[in-house]
Amino acid sequence: MSPPEDTSQEVYFEFIVIGAVVKVVAIDAATGTEVSVMGPANAARSDLERLALGKLKARLAREANP
């Protein structure tokens, strides 16, 4: 797990390799909200984490302002 940009928020990351791609699941510890992204297995882990974290933040913002 890497610390998110906002250090008051805890986020868990799960990496699942599926052939030539990797599925990254980002889970917000406080709410249990999760999102997933897929990318090439040879992509940098930090890039995939950043992508999943961005998607998670967008989801949390959307849910906070229905």
# chains A, B, ... in the order shown; residues from 1 in each chain; ligands from 1
$ residues_around --residues "stretch 45-60 of chain A" --least-positions-apart "5" --cutoff "6 Å" --atoms "only C-alpha atoms" --output "ChimeraX atom specification"
/A:26,35,37
$ write_last_selection --atoms "N, CA and C atoms" --output "PDB file, in the first residue's frame"
ATOM      1  N   ALA A  26      -8.456  -0.324  -6.030  1.00  0.00           N
ATOM      2  CA  ALA A  26      -8.183   0.657  -4.979  1.00  0.00           C
ATOM      3  C   ALA A  26      -9.399   0.681  -4.060  1.00  0.00           C
ATOM      4  N   VAL A  35     -12.775   0.698  -6.538  1.00  0.00           N
ATOM      5  CA  VAL A  35     -12.785   0.862  -7.984  1.00  0.00           C
ATOM      6  C   VAL A  35     -11.659   0.003  -8.543  1.00  0.00           C
ATOM      7  N   VAL A  37      -9.045  -0.649 -12.145  1.00  0.00           N
ATOM      8  CA  VAL A  37      -8.533  -0.253 -13.448  1.00  0.00           C
ATOM      9  C   VAL A  37      -7.673  -1.400 -13.964  1.00  0.00           C
TER      10      VAL A  37
END
$ atom_distance --atom1 "atom CA of A:Pro40" --atom2 "atom CA of A:Gly19"
9.3 Å
$ select_by_dssp --residues "chain A" --states "helix (DSSP H, G or I)" --output "VMD selection string"
chain A and resid 45 to 64
